[in-house]
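Next up, input-v6.csv (CSV, C-alpha atoms):
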chain,number,residue,atom,x,y,z
A,1,MET,CA,39.2,34.7,-36.0
A,2,HIS,CA,40.3,38.3,-35.8
A,3,GLY,CA,38.2,39.2,-38.9
A,4,GLU,CA,38.5,39.8,-42.6
A,5,ASP,CA,41.3,42.4,-42.1
A,6,SER,CA,43.6,39.9,-40.3
A,7,ILE,CA,46.9,38.5,-41.6
A,8,LEU,CA,45.4,35.0,-41.3
A,9,ASP,CA,42.5,36.0,-43.6
A,10,LEU,CA,45.0,37.4,-46.1
A,11,LEU,CA,47.1,34.2,-46.0
A,12,HIS,CA,44.0,32.0,-46.3
A,13,ALA,CA,42.8,34.0,-49.3
A,14,SER,CA,46.2,33.7,-51.0
A,15,GLY,CA,46.2,29.9,-50.7
A,16,ALA,CA,48.9,29.6,-48.0
A,17,PHE,CA,46.6,27.3,-46.0
A,18,HIS,CA,43.2,25.7,-46.4
A,19,ARG,CA,40.2,24.7,-44.3
A,20,PRO,CA,41.0,26.8,-41.2
A,21,ARG,CA,38.8,26.0,-38.2
A,22,LEU,CA,39.0,27.8,-34.8
A,23,MET,CA,37.9,25.8,-31.8
A,24,VAL,CA,37.7,26.7,-28.1
A,25,ASP,CA,37.9,24.1,-25.4
A,26,GLU,CA,36.6,25.5,-22.2
A,27,GLY,CA,36.2,22.1,-20.4
A,28,GLY,CA,37.7,22.0,-17.0
A,29,ALA,CA,41.3,23.1,-16.1
A,30,ARG,CA,42.5,22.6,-19.7
A,31,ARG,CA,41.0,25.6,-21.4
A,32,ARG,CA,42.6,26.2,-24.8
A,33,VAL,CA,42.1,27.6,-28.2
A,34,MET,CA,42.9,25.4,-31.2
A,35,LEU,CA,43.3,26.1,-34.9
A,36,SER,CA,43.1,23.3,-37.4
A,37,LEU,CA,44.3,23.9,-40.9
A,38,ARG,CA,46.1,22.4,-43.8
A,39,THR,CA,49.2,24.2,-45.0
A,40,GLY,CA,49.6,24.7,-48.7
A,41,THR,CA,52.5,24.1,-51.0
A,42,ARG,CA,53.0,27.9,-51.2
A,43,THR,CA,54.2,28.0,-47.6
A,44,ALA,CA,57.7,26.6,-48.5
A,45,GLY,CA,60.8,28.2,-47.1
A,46,HIS,CA,62.8,25.3,-48.6
A,47,PRO,CA,61.3,22.9,-51.1
A,48,GLY,CA,58.8,20.7,-49.3
A,49,TRP,CA,59.2,22.4,-45.9
A,50,THR,CA,57.0,25.2,-44.5
A,51,HIS,CA,58.8,28.5,-43.7
A,52,GLY,CA,59.6,28.9,-40.0
A,53,GLY,CA,58.2,32.4,-40.1
A,54,LEU,CA,54.8,31.1,-41.0
A,55,THR,CA,55.0,28.6,-38.1
A,56,SER,CA,55.8,31.4,-35.6
A,57,LEU,CA,53.1,33.6,-37.1
A,58,LEU,CA,50.5,30.9,-36.5
A,59,MET,CA,51.8,30.5,-33.0
A,60,ASP,CA,51.6,34.2,-32.2
A,61,GLU,CA,48.1,34.5,-33.7
A,62,ILE,CA,46.6,31.5,-31.8
A,63,ALA,CA,48.3,32.7,-28.6
A,64,GLY,CA,46.5,36.0,-29.3
A,65,GLN,CA,43.2,34.2,-29.7
A,66,ALA,CA,43.7,32.5,-26.3
A,67,PHE,CA,44.5,35.8,-24.7
A,68,ALA,CA,41.5,37.4,-26.4
A,69,HIS,CA,39.1,34.6,-25.3
A,70,PHE,CA,40.3,33.8,-21.8
A,71,VAL,CA,42.0,37.0,-20.5
A,72,GLN,CA,40.9,40.1,-22.3
A,73,PRO,CA,37.2,40.0,-21.2
A,74,ALA,CA,38.3,40.4,-17.5
A,75,ARG,CA,41.6,42.3,-17.9
A,76,GLY,CA,41.4,44.3,-21.2
A,77,LEU,CA,43.5,44.5,-24.3
A,78,GLY,CA,47.0,43.0,-24.4
A,79,VAL,CA,49.8,42.8,-26.9
A,80,THR,CA,52.6,40.3,-27.6
A,81,ALA,CA,55.8,41.4,-25.8
A,82,ASN,CA,57.8,38.3,-26.6
A,83,LEU,CA,57.4,35.1,-28.5
A,84,THR,CA,59.7,32.2,-27.9
A,85,VAL,CA,59.6,29.4,-30.5
A,86,ASP,CA,61.5,26.0,-30.2
A,87,TYR,CA,61.4,24.2,-33.6
A,88,ALA,CA,61.2,20.5,-32.9
A,89,SER,CA,61.3,19.2,-36.5
A,90,PRO,CA,60.8,20.5,-40.0
A,91,LEU,CA,57.2,21.1,-40.9
A,92,PRO,CA,56.2,19.7,-44.3
A,93,THR,CA,54.1,21.7,-46.7
A,94,ALA,CA,50.6,20.4,-47.5
A,95,LYS,CA,50.3,19.1,-43.9
A,96,ASP,CA,47.2,19.0,-41.6
A,97,LEU,CA,48.1,20.9,-38.4
A,98,LEU,CA,46.7,21.7,-35.1
A,99,VAL,CA,47.9,24.9,-33.4
A,100,VAL,CA,47.0,24.8,-29.7
A,101,ALA,CA,47.3,27.6,-27.1
A,102,GLY,CA,46.4,27.8,-23.4
A,103,VAL,CA,47.0,30.4,-20.7
A,104,GLY,CA,50.0,29.5,-18.6
A,105,ASN,CA,51.1,31.8,-15.8
A,106,VAL,CA,49.6,35.2,-15.0
A,107,ASP,CA,51.7,37.7,-13.0
A,108,GLY,CA,50.2,41.2,-12.7
A,109,ARG,CA,50.0,42.6,-16.2
A,110,LYS,CA,52.1,39.8,-17.6
A,111,VAL,CA,50.4,36.8,-19.2
A,112,TRP,CA,52.2,33.8,-20.6
A,113,ILE,CA,50.5,31.7,-23.2
A,114,ASP,CA,51.8,28.2,-24.0
A,115,VAL,CA,51.5,27.2,-27.6
A,116,GLU,CA,52.5,24.4,-29.9
A,117,VAL,CA,52.1,23.3,-33.6
A,118,ARG,CA,51.4,19.6,-34.1
A,119,ASP,CA,49.8,17.1,-36.4
A,120,GLY,CA,47.6,15.5,-33.9
A,121,PRO,CA,45.5,16.3,-30.8
A,122,PRO,CA,47.5,17.0,-27.6
A,123,ARG,CA,47.4,14.3,-25.0
A,124,ASP,CA,46.3,15.4,-21.5
A,125,GLY,CA,50.0,15.5,-20.3
A,126,ASP,CA,51.2,17.6,-23.2
A,127,ARG,CA,51.6,21.3,-23.3
A,128,PRO,CA,50.1,23.7,-23.7
A,129,SER,CA,48.8,23.0,-20.3
A,130,GLY,CA,46.0,25.5,-20.1
A,131,GLY,CA,47.4,26.9,-16.9
A,132,ASP,CA,49.4,27.1,-13.8
A,133,ASP,CA,47.5,29.5,-11.7
A,134,THR,CA,50.4,30.7,-9.6
A,135,ALA,CA,49.2,34.3,-9.6
A,136,GLY,CA,45.7,33.6,-8.3
A,137,ASP,CA,44.1,35.0,-11.5
A,138,ASP,CA,40.9,33.2,-12.4
A,139,THR,CA,41.7,33.4,-16.1
A,140,ALA,CA,44.0,30.3,-15.9
A,141,GLY,CA,43.3,26.7,-15.0
A,142,ASP,CA,45.5,24.6,-12.9
A,143,ASP,CA,48.1,22.2,-14.4
A,144,THR,CA,48.0,18.9,-12.6
A,145,ALA,CA,49.4,16.7,-15.4
A,146,GLY,CA,53.1,16.2,-16.2
A,147,ASP,CA,54.9,17.4,-19.2
A,148,ASP,CA,55.4,14.2,-21.1
A,149,ALA,CA,57.3,14.1,-24.4
A,150,ALA,CA,54.9,14.6,-27.3
A,151,GLY,CA,54.2,12.1,-29.9
A,152,ASP,CA,55.7,9.0,-28.2
A,153,ASP,CA,52.5,7.0,-28.2
A,154,GLY,CA,51.1,7.8,-31.7
A,155,ASP,CA,49.3,11.0,-30.9
A,156,GLY,CA,51.1,13.0,-33.5
A,157,GLU,CA,54.3,14.9,-34.0
A,158,VAL,CA,55.1,18.2,-32.5
A,159,PHE,CA,56.8,20.6,-35.0
A,160,ALA,CA,57.2,23.6,-32.7
A,161,ARG,CA,56.3,24.7,-29.2
A,162,GLY,CA,56.9,27.8,-27.2
A,163,SER,CA,55.3,30.6,-25.3
A,164,ALA,CA,54.1,34.1,-25.9
A,165,LEU,CA,54.3,36.8,-23.2
A,166,PHE,CA,51.4,39.2,-23.4
A,167,ILE,CA,51.3,42.5,-21.6
A,168,VAL,CA,47.9,43.8,-20.5
A,169,LEU,CA,47.6,47.4,-21.7
A,170,ALA,CA,45.3,48.6,-18.9
A,171,LYS,CA,47.0,49.4,-15.7
A,172,ASP,CA,45.9,47.3,-12.7

Translate this structure into structure tokens?
Amino acid sequence: MHGEDSILDLLHASGAFHRPRLMVDEGGARRRVMLSLRTGTRTAGHPGWTHGGLTSLLMDEIAGQAFAHFVQPARGLGVTANLTVDYASPLPTAKDLLVVAGVGNVDGRKVWIDVEVRDGPPRDGDRPSGGDDTAGDDTAGDDTAGDDAAGDDGDGEVFARGSALFIVLAKD
């Protein structure tokens, strides 16, 4: 991930989560970054439930990974300007998770990254879509699938989804 000096490395070392694995799916229009991990019992905000702040931190970090992998090589460094999180259901502690992020829309220096936290792999119709290339930027794929409700055919539960707005620091 970002390296040994990252917040995720600190949390992993403290036992907040276990078995992190970062994966990049560059296949076709659905380019995305995925982090699989197992939350620990020490992530509780309420007994048995993971703190929502950890959920949003994971979303921001994986959105940053998607930006770094798919946008930064062509456009330069960027930072999170806004993170929107919709919590769908409480996230249990000691849970296997998949945090998925893909580039959505690109408009000048603004880059939106779609992100979600779930306990199973995303279906092709689920967000994050991996892109809606409305700005003509080649860093995003095209989204031809619909936005079906997640988890309705046994593919796992979505605990949170949202988007991160990144601002490219270099002027165009």

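In terms of minimum interatomic distance to Ile167 (chain A), A:Asn82 ranks closest within A:Thr50, A:Asn82, A:Thr41, A:Ser6, counting only C-alpha atoms.
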
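Taking CA of Arg42 (chain A) and CA of Arg21 (chain A) as the two end points, the separation is 19.3 Å.
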
- Exercise: region 112-114 of chain A partners within 7 Å, all atoms listed in the file, chain neighbours under 3 positions left out, as a ChimeraX atom specification: /A:63,101-106,127-128,162-166

- Task: Mind giving me the straight-line distance from CA of Pro92 (chain A) to CA of Asp9 (chain A) in Å, one decimal?
- Result: 21.3 Å

- Task: Find the residues near Arg109 (chain A): any atom within 8 Å, counting all atoms listed in the file, skip ones fewer than 6 places away on the same chain, and give them as a list in words.
- Result: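 The contact residues come out as Ile167, Val168, Leu169, Lys171 and Asp172 of chain A.
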
Preceding selection exported with C-alpha atoms as a short mmCIF file (atom, residue, chain, number, x, y, z; two decimals), in the frame of the given file:
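New file result-v1.cif:
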data_model
loop_
_atom_site.label_atom_id
_atom_site.label_comp_id
_atom_site.auth_asym_id
_atom_site.auth_seq_id
_atom_site.Cartn_x
_atom_site.Cartn_y
_atom_site.Cartn_z
CA ILE A 167 51.30 42.50 -21.60
CA VAL A 168 47.90 43.80 -20.50
CA LEU A 169 47.60 47.40 -21.70
CA LYS A 171 47.00 49.40 -15.70
CA ASP A 172 45.90 47.30 -12.70
#

- Message: Between A:Asp119, A:Asp96, A:Asp60, A:Asp5, which residue has the minimum interatomic distance to Pro20 (chain A), considering only C-alpha atoms?
- Response: A:Asp96

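For the set A:Arg19, A:Lys95, A:His12, A:Arg31, the residue with the smallest atom-to-atom gap to Gly48 (chain A) is A:Lys95, counting all atoms listed in the file.
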
- Task: Identify, on the basis of all atoms listed in the file, every residue whose closest approach to Ser14 (chain A) does not exceed 12 Å; exclude the query and any residue fewer than 3 positions from it along the same chain; express the result as a PyMOL selection string.
- Result: chain A and resi 7-11+17-18+39-43
